[in-house]
2 protein chains.
Amino acid sequence: MASSARQTARTRQSPRERPAKPPLSREAVVDAGLRVLRDHGIDGVTMRAVAGEVDTGAASLYVYFPNRPALLDAMFDEVAAKIDLGPEPDPERWREQLVGLLNRIVEGMDDYPGIARVPLANPPTGPAAAQIAERTLALLAAGGVDDRSAAWFIDIVFLFVNATAYETSILVAEGAEEGEVGARIEEQLAQLDSDQFPHFARLLPVITKGSGEQRFNFGLRLMIDGLLHTEPPDL
Amino acid sequence: MASSARQTARTRQSPRERPAKPPLSREAVVDAGLRVLRDHGIDGVTMRAVAGEVDTGAASLYVYFPNRPALLDAMFDEVAAKIDLGPEPDPERWREQLVGLLNRIVEGMDDYPGIARVPLANPPTGPAAAQIAERTLALLAAGGVDDRSAAWFIDIVFLFVNATAYETSILVAEGAEEGEVGARIEEQLAQLDSDQFPHFARLLPVITKGSGEQRFNFGLRLMIDGLLHTEPPDL
DNA sequence: ACCTGAACACCGTTCAAGT
DNA sequence: ACCTGAACACCGTTCAAGT
């Protein structure tokens, strides 16, 4: 805020009034981590790489995070925080609102290759994730969905959301060009069609047809339709 | 094949006729990998650890696999090969047969913590995985499910199966005792219930209620019910 | 053809020593 | 209180040298 703007360390000027780079902080480390993640994917997020991004050594990060998983958890919540929750639940439009929110979650993670592995490996505990869960439950409540069904549905649908985000972002990160996957599929087909795998061979072209987004939304349709046609679980 | 068998270097006996450990092979490496996986989880499957299991150095493995991911792919297919496909599809019982098969897939992966990350990260190409897909499609066909719906359903349900297996096996591997997860959840609750997260606070106990198996089967019920009540996708 | 030891370029994490 | 360099105990992979 003050005139304490940072400058390169080599051109030292007035020796006072020079905080140089802003003092390291949890937030600064998380932001650095997100930059590394965006460019190099989840496996590129090493303590050394993140530290390098804020011009320090890996050991310095341990002041703010006890270990790498803790940093990744914080990064995930920051990604979650960027997701638009959308309008307040409207009982007339709850379903499309819900589908919209779930699509935005996947899209929000698409820019950060592999981040979806974090909530998959252990349940998120951050505030942004809690807000998303709250909004999702509110939408289900607006739709008149039974509490017990809603409770289990949210678990299941987030598993689906995270798995979708992980799979698609990994494919993107591996630089899979448009036809890449299709090509590998055709190899497979060539090797094992014949009459040993009749259904598989017949449907392989259909399986890979359509975008990931279309398949994801077909999945959501199945689950929500199922929710409206199934008895609540016995608890 | 000849009598050129190696023997433990210290107790050399009749110099011929001693195959000692079977000569290294793809299969032997995969089996060694599975032993390491079962005991130490997916992140414990290092090239050095697998090599040590067959009493050689990491470099030796590169004769059989070009890199670690290729070994993991082969290990996954071996896990898939152990899964019982169950009885031939019966149009009268296709739904319970399908649910049974999908449950066995998750159970089959539960003994190998984290293996489910392999099919999640890139589509399986092995023969055992193909057989499982074939059987799944055959069951859907027996149920009279439309081809296009079946094609997308299998994609979606395997994503769900793999994500479930990954999540549960990781929790188990981290040594989460019975109440472990519940405890962390209560921390969360204590921190953020109040009126900021009314739905979430109210439903958190329900969300974690029931076993992973029950939640998984509720998810399958939603998807299959949805499949029977939804129009096939436009392709 | 297969195996090996040693090396290279990395990791996460710790810790004594600095400020 | 925070930062740091160096170290420790690891990684995946390569390669020259052996058999």
# chains A, B, ... in the order shown; residues from 1 in each chain; ligands from 1
call {"tool": "interface_residues", "arguments": {"of": "chain A", "to": "chain C", "cutoff": "8 Å", "atoms": "only C-alpha atoms (C1' of nucleotides)", "output": "ChimeraX atom specification"}}
result
/A:46-47,68
call {"tool": "closest_atom_pairs", "arguments": {"of": "chain A", "to": "chain B", "cutoff": "8 Å", "atoms": "only C-alpha atoms", "output": "Markdown table"}}
result
| residue | atom | partner | partner_atom | distance |
| --- | --- | --- | --- | --- |
| A:Leu120 | CA | B:Glu167 | CA | 6.0 |
| A:Ala121 | CA | B:Glu167 | CA | 5.7 |
| A:Asn122 | CA | B:Glu167 | CA | 7.3 |
| A:Thr125 | CA | B:Gln188 | CA | 6.7 |
| A:Ala130 | CA | B:Phe200 | CA | 7.6 |
| A:Gln131 | CA | B:Phe197 | CA | 7.3 |
| A:Ala133 | CA | B:Phe200 | CA | 6.7 |
| A:Glu134 | CA | B:Phe200 | CA | 5.2 |
| A:Leu137 | CA | B:His199 | CA | 6.1 |
| A:Ala138 | CA | B:His199 | CA | 6.5 |
| A:Asp147 | CA | B:Leu203 | CA | 7.3 |
| A:Arg148 | CA | B:Val206 | CA | 6.7 |
| A:Ala151 | CA | B:Ile207 | CA | 4.7 |
| A:Trp152 | CA | B:Ile207 | CA | 5.7 |
| A:Phe153 | CA | B:Gly219 | CA | 7.4 |
| A:Asp155 | CA | B:Ile207 | CA | 7.1 |
| A:Ile156 | CA | B:Gly219 | CA | 6.1 |
| A:Leu159 | CA | B:Ala163 | CA | 6.4 |
| A:Phe160 | CA | B:Phe160 | CA | 5.9 |
| A:Ala163 | CA | B:Ala163 | CA | 6.0 |
| A:Thr164 | CA | B:Leu159 | CA | 7.3 |
| A:Tyr166 | CA | B:Ala121 | CA | 7.3 |
| A:Glu167 | CA | B:Ala121 | CA | 5.7 |
| A:Ile170 | CA | B:Ala121 | CA | 6.4 |
| A:Leu171 | CA | B:Asn122 | CA | 7.4 |
| A:Gln188 | CA | B:Thr125 | CA | 6.7 |
| A:Phe197 | CA | B:Glu134 | CA | 5.8 |
| A:Pro198 | CA | B:Glu134 | CA | 7.5 |
| A:His199 | CA | B:Glu134 | CA | 6.0 |
| A:Phe200 | CA | B:Glu134 | CA | 5.2 |
| A:Leu203 | CA | B:Ala151 | CA | 6.1 |
| A:Leu204 | CA | B:Ala151 | CA | 7.5 |
| A:Val206 | CA | B:Ala151 | CA | 6.1 |
| A:Ile207 | CA | B:Ala151 | CA | 4.7 |
| A:Lys209 | CA | B:Leu235 | CA | 7.5 |
| A:Gly210 | CA | B:Leu235 | CA | 7.0 |
| A:Arg215 | CA | B:Trp152 | CA | 6.5 |
| A:Phe216 | CA | B:Ile156 | CA | 7.6 |
| A:Phe218 | CA | B:Pro233 | CA | 7.0 |
| A:Gly219 | CA | B:Ile156 | CA | 6.2 |
| A:Arg221 | CA | B:Gly226 | CA | 7.3 |
| A:Leu222 | CA | B:Gly226 | CA | 4.2 |
| A:Met223 | CA | B:Met223 | CA | 5.1 |
| A:Ile224 | CA | B:Gly226 | CA | 7.2 |
| A:Asp225 | CA | B:Gly226 | CA | 4.8 |
| A:Gly226 | CA | B:Gly226 | CA | 3.9 |
| A:Leu227 | CA | B:Leu222 | CA | 5.7 |
| A:His229 | CA | B:Asp225 | CA | 6.8 |
| A:Thr230 | CA | B:Leu222 | CA | 6.7 |
| A:Pro233 | CA | B:Phe218 | CA | 7.0 |
| A:Leu235 | CA | B:Gly210 | CA | 7.0 |
call {"tool": "calpha_fit_rmsd", "arguments": {"fixed": "chain B", "moving": "chain A"}}
result
1.7 Å
call {"tool": "atom_distance", "arguments": {"atom1": "atom CA of A:Val79", "atom2": "atom CA of A:Val99"}}
result
19.0 Å
call {"tool": "atom_distance", "arguments": {"atom1": "atom CA of A:Ala128", "atom2": "atom CA of A:Leu85"}}
result
10.2 Å
call {"tool": "atom_distance", "arguments": {"atom1": "atom CA of B:Leu71", "atom2": "atom CA of B:Arg48"}}
result
12.7 Å
call {"tool": "select_by_dssp", "arguments": {"residues": "stretch 70-216 of chain B", "states": "helix (DSSP H, G or I)", "output": "NGL selection string"}}
result
:B and (70-81 or 94-110 or 117-121 or 127-142 or 147-173 or 180-192 or 198-207 or 212-216)
call {"tool": "write_last_selection", "arguments": {"atoms": "C-alpha atoms", "output": "short mmCIF file (atom, residue, chain, number, x, y, z; two decimals), in the first residue's frame"}}
result
data_model
loop_
_atom_site.label_atom_id
_atom_site.label_comp_id
_atom_site.auth_asym_id
_atom_site.auth_seq_id
_atom_site.Cartn_x
_atom_site.Cartn_y
_atom_site.Cartn_z
CA ALA B 70 4.19 -49.15 -17.65
CA LEU B 71 4.83 -51.45 -14.71
CA LEU B 72 1.88 -49.98 -12.82
CA ASP B 73 -0.37 -50.50 -15.85
CA ALA B 74 0.63 -54.15 -16.00
CA MET B 75 0.04 -54.51 -12.27
CA PHE B 76 -3.42 -53.04 -12.59
CA ASP B 77 -4.35 -55.50 -15.30
CA GLU B 78 -3.14 -58.32 -13.09
CA VAL B 79 -5.42 -57.08 -10.30
CA ALA B 80 -8.25 -56.93 -12.83
CA ALA B 81 -7.48 -60.49 -13.90
CA TRP B 94 -28.98 -58.80 -15.02
CA ARG B 95 -29.28 -55.97 -12.53
CA GLU B 96 -28.15 -57.88 -9.49
CA GLN B 97 -25.46 -59.54 -11.57
CA LEU B 98 -24.20 -56.13 -12.64
CA VAL B 99 -24.24 -54.76 -9.11
CA GLY B 100 -22.44 -57.88 -7.92
CA LEU B 101 -19.72 -57.53 -10.52
CA LEU B 102 -19.16 -53.85 -9.77
CA ASN B 103 -18.90 -54.62 -6.07
CA ARG B 104 -16.35 -57.32 -6.74
CA ILE B 105 -14.26 -54.87 -8.74
CA VAL B 106 -14.06 -52.49 -5.80
CA GLU B 107 -13.33 -55.34 -3.41
CA GLY B 108 -10.64 -56.65 -5.71
CA MET B 109 -8.87 -53.31 -5.61
CA ASP B 110 -9.29 -52.83 -1.86
CA ARG B 117 -5.31 -44.32 -9.30
CA VAL B 118 -3.83 -46.13 -12.29
CA PRO B 119 -7.04 -46.53 -14.33
CA LEU B 120 -8.09 -43.07 -13.14
CA ALA B 121 -4.94 -41.43 -14.49
CA PRO B 127 -6.86 -57.68 -21.66
CA ALA B 128 -8.34 -58.28 -18.21
CA ALA B 129 -9.80 -54.79 -18.13
CA ALA B 130 -11.25 -55.42 -21.59
CA GLN B 131 -12.90 -58.61 -20.38
CA ILE B 132 -14.51 -56.78 -17.50
CA ALA B 133 -15.79 -54.09 -19.86
CA GLU B 134 -17.11 -56.77 -22.20
CA ARG B 135 -18.97 -58.51 -19.41
CA THR B 136 -20.41 -55.24 -18.13
CA LEU B 137 -21.69 -54.35 -21.59
CA ALA B 138 -23.12 -57.84 -21.99
CA LEU B 139 -25.05 -57.42 -18.75
CA LEU B 140 -26.45 -54.09 -19.91
CA ALA B 141 -27.42 -55.63 -23.23
CA ALA B 142 -29.14 -58.45 -21.38
CA ASP B 147 -26.42 -49.14 -26.92
CA ARG B 148 -25.67 -45.47 -26.69
CA SER B 149 -26.75 -45.32 -23.05
CA ALA B 150 -24.67 -48.40 -22.27
CA ALA B 151 -21.61 -46.93 -23.93
CA TRP B 152 -21.68 -43.82 -21.81
CA PHE B 153 -22.88 -45.59 -18.71
CA ILE B 154 -19.85 -47.84 -18.64
CA ASP B 155 -17.53 -44.87 -18.78
CA ILE B 156 -19.33 -43.16 -15.95
CA VAL B 157 -19.80 -46.15 -13.71
CA PHE B 158 -16.14 -47.17 -13.99
CA LEU B 159 -15.14 -43.66 -13.06
CA PHE B 160 -17.33 -44.05 -10.00
CA VAL B 161 -16.00 -47.53 -9.24
CA ASN B 162 -12.37 -46.41 -9.52
CA ALA B 163 -12.88 -43.26 -7.49
CA THR B 164 -14.62 -45.27 -4.77
CA ALA B 165 -11.84 -47.85 -4.71
CA TYR B 166 -9.19 -45.16 -4.62
CA GLU B 167 -10.80 -43.23 -1.80
CA THR B 168 -11.54 -46.20 0.41
CA SER B 169 -8.21 -47.94 -0.13
CA ILE B 170 -6.31 -44.76 0.63
CA LEU B 171 -8.24 -44.26 3.84
CA VAL B 172 -7.53 -47.83 4.83
CA ALA B 173 -3.85 -47.47 3.94
CA GLU B 180 -10.90 -41.62 12.55
CA VAL B 181 -12.91 -40.00 9.79
CA GLY B 182 -15.81 -39.29 12.08
CA ALA B 183 -13.43 -37.50 14.42
CA ARG B 184 -12.07 -35.23 11.73
CA ILE B 185 -15.60 -34.52 10.63
CA GLU B 186 -16.55 -33.45 14.12
CA GLU B 187 -13.64 -31.04 14.20
CA GLN B 188 -15.02 -29.54 11.04
CA LEU B 189 -18.49 -29.38 12.48
CA ALA B 190 -17.31 -27.67 15.61
CA GLN B 191 -15.50 -25.05 13.58
CA LEU B 192 -18.14 -24.14 11.10
CA PRO B 198 -27.04 -24.78 8.25
CA HIS B 199 -27.61 -27.63 5.79
CA PHE B 200 -24.07 -28.87 6.00
CA ALA B 201 -24.05 -28.84 9.79
CA ARG B 202 -27.41 -30.59 9.96
CA LEU B 203 -26.46 -33.33 7.49
CA LEU B 204 -22.82 -33.98 8.34
CA PRO B 205 -23.71 -36.80 10.73
CA VAL B 206 -25.86 -38.39 8.06
CA ILE B 207 -23.26 -37.93 5.34
CA GLY B 212 -18.51 -46.95 2.22
CA GLU B 213 -20.07 -50.05 0.76
CA GLN B 214 -23.57 -48.81 1.50
CA ARG B 215 -22.86 -45.43 -0.04
CA PHE B 216 -21.32 -47.07 -3.10
#
